[in-house]
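For reference, the structure is listed below as structure tokens.
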Amino acid sequence: MTTSPQRTATTTGAGAEGPPGTPQDGSDPSGRGLATGRRARLANRIRVLRASFRENWALFKRNRIGVVGLVVIAIFAIMALLHPILMDTVWDPERYHPVVGYSAQEVELTVVEEIENPGQEIDLQRAQLRHDPTIQVGDTVEDTIQPAPPSLDHPLGTDPLGRDVLSQLMLGAQTAFGMGAVAALTTVIVATFIGSVAAYFRGWVDTVSMRSADFFLLLPPIPFLIFLSAIYDLNMVTLGLVFGLVSGAGSTAIVLKSQALTVAVKPFIDSARVAGASGMQVVLRHVIPNVLPLTFLYMMFTVSGAISAEAILSTFGLIDLPMSWGIMIQTANDAGYILRGVEYWWLLFPAGLAVTFLAFAFYLFGRGMDEVVNPRLRQR
Amino acid sequence: MAKRLLSRLGQLVFVLWLLVTVMFFVVNLAGDPTQQMAMDPNIPPEARELQIQRLGLDQPMHIQYWTYLTGLLQGDMGVSFHLYPREVSDIIVERLPRTFGLLLVATVVSIVAGFAVGKRVAWLRGTRREHGATIVAVFLLTVFPVWAALVMIWIFAFELDWFPSRGFITTALWRGGPYAANEVFIALLLSITALLIAAFAVFLLSRRFDAPWMRTVGGIGGLAAVVAVFLLGWSATPMAEYAANIAYHTVLPTLTLTLLSFGGTMLLTRTAMMETMQEDFVLTARAKGLSERAVRDKHVARTALNPVVASFLISLVTVITGSIVFEQVFSWPGMGLTLLNAATEGDVPLAIGGIISLGFLFMIVHFLLDLVYSALDPRLRT
């Protein structure tokens with residue numbers, strides 16, 4: 001790579017915090033009790049963290065797109081958290097379970113020659129077969145329908161198998177967040193570690209990790225995951241792990257390494273080394289805390305990709321999941337309702353837009369954080 | 001420059017070897033890949049024996065690895081399980097050009113359009129139009145591709161009925177016809193490549209005019225002439241009807257792929273433009289009294305082009321992923337659909353072949369991109 005993918009890498013001083021721990025370490029020469037020293041240090045650190053959080057929050061708030069992203073993420077998070085509660089209290093599992101529930105809606109249908117409003121009409125032939133052979137156009141019959149249009153019982157209707165769409169959507173949010181969290185954590189851990197170690201130790205460690213990063217950069221995660229699913233049975237956790245590993249050891253590691261390089265040449269690193277800290281200590285206590293803000297930024301973009309990946313793979317039935325947004329789309333499409341368009345809008349829009357909006361929200365949230373983490377963008 | 005490209009080529013070959021090796025170990029950790037064959041009633045047990053011998057599965061690991069590597073170099077990737085008894089290499093030769101064609105057209109169109117729109121949007125910064133365009137681009141970047149493809153089918157194939165919803169050819173037309181589908185497709189691919197090169201040449205030539213209106217007229221006129229030659233040339237050949245049939249089936253997947261990768265390029269251009277606009281030389285250009293358009297096109301956009309091309313690799317990942325999704329949704333039999341089918345059928349040799357050939361394609365595009373980048377960046381032009 002001649003330049004880094006996102007141009008944040010060249011900026012210095014990721015967080016406004018400076019080296020955590022360093023001033024406190026030096027300000028305790030009198031040899032007070034170890035316990036009080038530690039407590040004071042901890043209190044000090046919390047104070048610094050809170051101050052920097054307030055400062056960063058103010059910066060983040062100024063940029064509206066980040067806040068919009070955060071709000072959308074929060075809405076989906078509430079949906080995911082609310083699902084088990086609703087299932088326990090209000091929703092009868094027989095009817096509302098997202099996978100095995102069944103609820104056919106009783107509707108009064110008008111008999112017509114050709115259906116124009118699904119959910120209100122039934123065609124003559126079908127009515128004669130199912131109800132009464134003497135029935136005529138214009139009569140009404142009681143019938144059960146699935147997929148049923150939205151009603152008070154089912155705010156987003158039911159799917160072609162008579163299952164509640166809202167309940168599915170909420171469980172899908174859980175799946176998406178679970179997958180996103182696993183992928184994000186893996187990315188953060190892998191990328192921070194590889195980036196910091198490569199930047200601090202240089203030499204062969206650097207060469208090996210950067211060549212492997214080149215490899216992972218050239219390994220598109222979704223085709224690779226599809227390939228893996230041919231051989232192994234993937235579930236949410238393994239999917240998240242693989243996705244996080246590919247993005248963490250690839251592009252994110254490269255960006256973080258260049259960030260860690262700017263930290264590794266700072267004087268406080270030398271001070272720490274002179275004070276007798278071992279290499280790993282310096283990396284863990286001084287380099288990593290200073291690249292963490294950038295890591296969280298890249299985590300957001302990883303989550304955005306992971307959600308999309310999970311949806312794509314589950315649409316094609318390649319992962320072992322009870323329910324997800326991808327499966328919802330697949331179910332509706334297999335039964336032919338997606339191509340009916342807005343006529344069956346409760347099958348067309350919820351799942352597809354949920355994937356889009358959540359990925360969109362994480363992207364916006366990442367952009368908002370970018371302005372906090374990356375001082376060069378602030379002046380705009 | 002030649003030295004730089006050579007070393008780049010060496011690195012790519014190394015990465016390709018790494019890919020092949022990782023695939024080998026990923027597969028071998030899971031045990032005998034031919035187990036799947038034992039369960040398929042269409043495949044005789046002798047065939048499984050043959051496959052085991054061919055892949056050397058009864059040999060120790062290092063010999064297996066050697067067999068696998070030498071086999072790959074000779075283009076031997078074994079026999080597909082679910083398309084038994086077809087050779088994997090045979091399937092790849094048939095289908096890889098299709099995916100390449102899809103990627104080529106989508107990539108070129110989206111990068112040209114994305115750059116052209118992105119630079120205009122960056123110039124409007126702060127206005128409502130800029131915000132609107134940015135939101136649309138982020139939507140295109142993050143939209144769920146499967147869903148987007150289904151919506152495109154619903155709109156263009158069902159509501160408007162402009163394009164077919166699925167498939168690669170109309171079988172009724174081709175049955176008993178004088179041509180094989182791939183023969184026509186390759187010809188189409190080559191002529192489209194020639195068309196793109198000619199269009200680029202026209203663009204470069206038209207920029208040599210001094211007067212701005214001459215540039216516009218020359219550019220558009222030249223482009224129209226090239227397209228006219230292309231269309232006339234095709235209609236003169238006996239293949240025309242068949243080529244039109246393939247093109248008719250290919251428009252919708254290509255359009256969807258182009259739209260989705262357009263968003264990424266546009267956003268990238270916008271960001272790069274905005275960063276360049278802060279530079280001192282832009283102020284100088286303005287102070288010299290250059291027109292806004294000259295500042296935008298000749299100073300800012302030209303500088304912003306470099307990071308856009310350099311970061312293009314990232315959008316290439318999106319495009320390749322998109323091609324897999326769209327080939328599946330549009331039932332358009334390229335390499336992506338093949339890989340997906342191989343994965344759902346547990347067809348290990350075909351899956352390996354699919355991923356390696358996609359990796360190979362990726363490598364080639366990466367290298368071409370490097371060539372373009374070396375030509376664009378004056379610091380590398382030594």
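Residues in the structure tokens are named by chain (A, B, ... in the order shown) and by number from 1 within that chain; ligands are numbered from 1 in the order shown.
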
**OP:** Compute the set of chain A residues within 9 Å of chain B, using only C-alpha atoms, and express it as a PyMOL selection string.
**Re:** chain A and resi 1-7+211-212+214-215+217-224+226-232+251+304-305+308+311-312+315-318+326+329+333+338-341+348-349+351-360+363-364+377+380

Would you kindly return, as a tab-separated table (two decimals) with N, CA and C atoms, in the first residue's frame, each protein, DNA or RNA residue with an atom no farther than 10 Å from any atom of Val319 (chain B), considering only C-alpha atoms and excluding same-chain residues fewer than 6 positions away?
```
chain	number	residue	atom	x	y	z
B	102	LEU	N	-17.78	-8.70	-15.77
B	102	LEU	CA	-18.68	-7.99	-14.86
B	102	LEU	C	-17.89	-6.98	-14.04
B	103	LEU	N	-16.76	-7.46	-13.48
B	103	LEU	CA	-15.94	-6.58	-12.63
B	103	LEU	C	-15.36	-5.43	-13.43
B	106	ALA	N	-18.11	-2.80	-14.36
B	106	ALA	CA	-18.61	-2.14	-13.15
B	106	ALA	C	-17.54	-1.24	-12.54
B	107	THR	N	-16.32	-1.75	-12.49
B	107	THR	CA	-15.24	-0.99	-11.87
B	107	THR	C	-14.95	0.28	-12.64
B	257	LEU	N	-24.18	-3.65	-9.63
B	257	LEU	CA	-22.81	-3.66	-9.10
B	257	LEU	C	-22.18	-2.27	-9.23
B	258	THR	N	-22.40	-1.63	-10.38
B	258	THR	CA	-21.84	-0.30	-10.60
B	258	THR	C	-22.38	0.69	-9.58
B	260	LEU	N	-23.57	0.18	-6.62
B	260	LEU	CA	-23.12	-0.04	-5.26
B	260	LEU	C	-21.66	0.34	-5.07
B	261	SER	N	-20.82	0.14	-6.10
B	261	SER	CA	-19.42	0.51	-5.88
B	261	SER	C	-19.21	2.00	-6.17
B	262	PHE	N	-20.18	2.60	-6.82
B	262	PHE	CA	-20.10	4.04	-7.09
B	262	PHE	C	-20.05	4.84	-5.79
B	313	LEU	N	-8.19	-0.37	-3.83
B	313	LEU	CA	-8.14	-1.79	-3.47
B	313	LEU	C	-9.25	-2.14	-2.48
B	325	VAL	N	-22.62	-11.90	-4.68
B	325	VAL	CA	-24.03	-11.76	-4.30
B	325	VAL	C	-24.92	-11.61	-5.52
```

Subject >> Distance of CA of Gly66 (chain A) from CA of Ala183 (chain A), expressed in Å to one decimal place >> reply: 21.1 Å

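Taking CA of Val197 (chain A) as the reference point, CA of Gly248 (chain A) is found at 13.9 Å.
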
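Put simply, CA of Glu94 (chain A) is 10.7 Å away from CA of Asp164 (chain A).
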
Tell me which protein, DNA and RNA residues are within 9 Å of Arg270 (chain B), counting only C-alpha atoms, leaving out same-chain ones fewer than 5 positions away, and put them as a short mmCIF file (atom, residue, chain, number, x, y, z; two decimals) with C-alpha atoms, in the first residue's frame.
```cif
data_model
loop_
_atom_site.label_atom_id
_atom_site.label_comp_id
_atom_site.auth_asym_id
_atom_site.auth_seq_id
_atom_site.Cartn_x
_atom_site.Cartn_y
_atom_site.Cartn_z
CA PHE B 115 -14.72 10.52 -9.43
CA VAL B 117 -19.52 13.23 -9.23
CA GLY B 118 -17.30 13.25 -6.15
CA LYS B 119 -15.24 16.21 -7.31
CA ARG B 120 -18.34 18.26 -8.06
CA VAL B 121 -19.91 17.34 -4.73
CA ALA B 122 -16.78 18.34 -2.84
CA TRP B 123 -16.95 21.74 -4.52
CA THR B 134 -23.23 12.32 0.62
CA THR B 265 -15.56 5.88 -4.86
CA GLU B 275 -8.19 17.44 2.16
CA ALA B 304 -6.93 13.99 -5.18
#
```
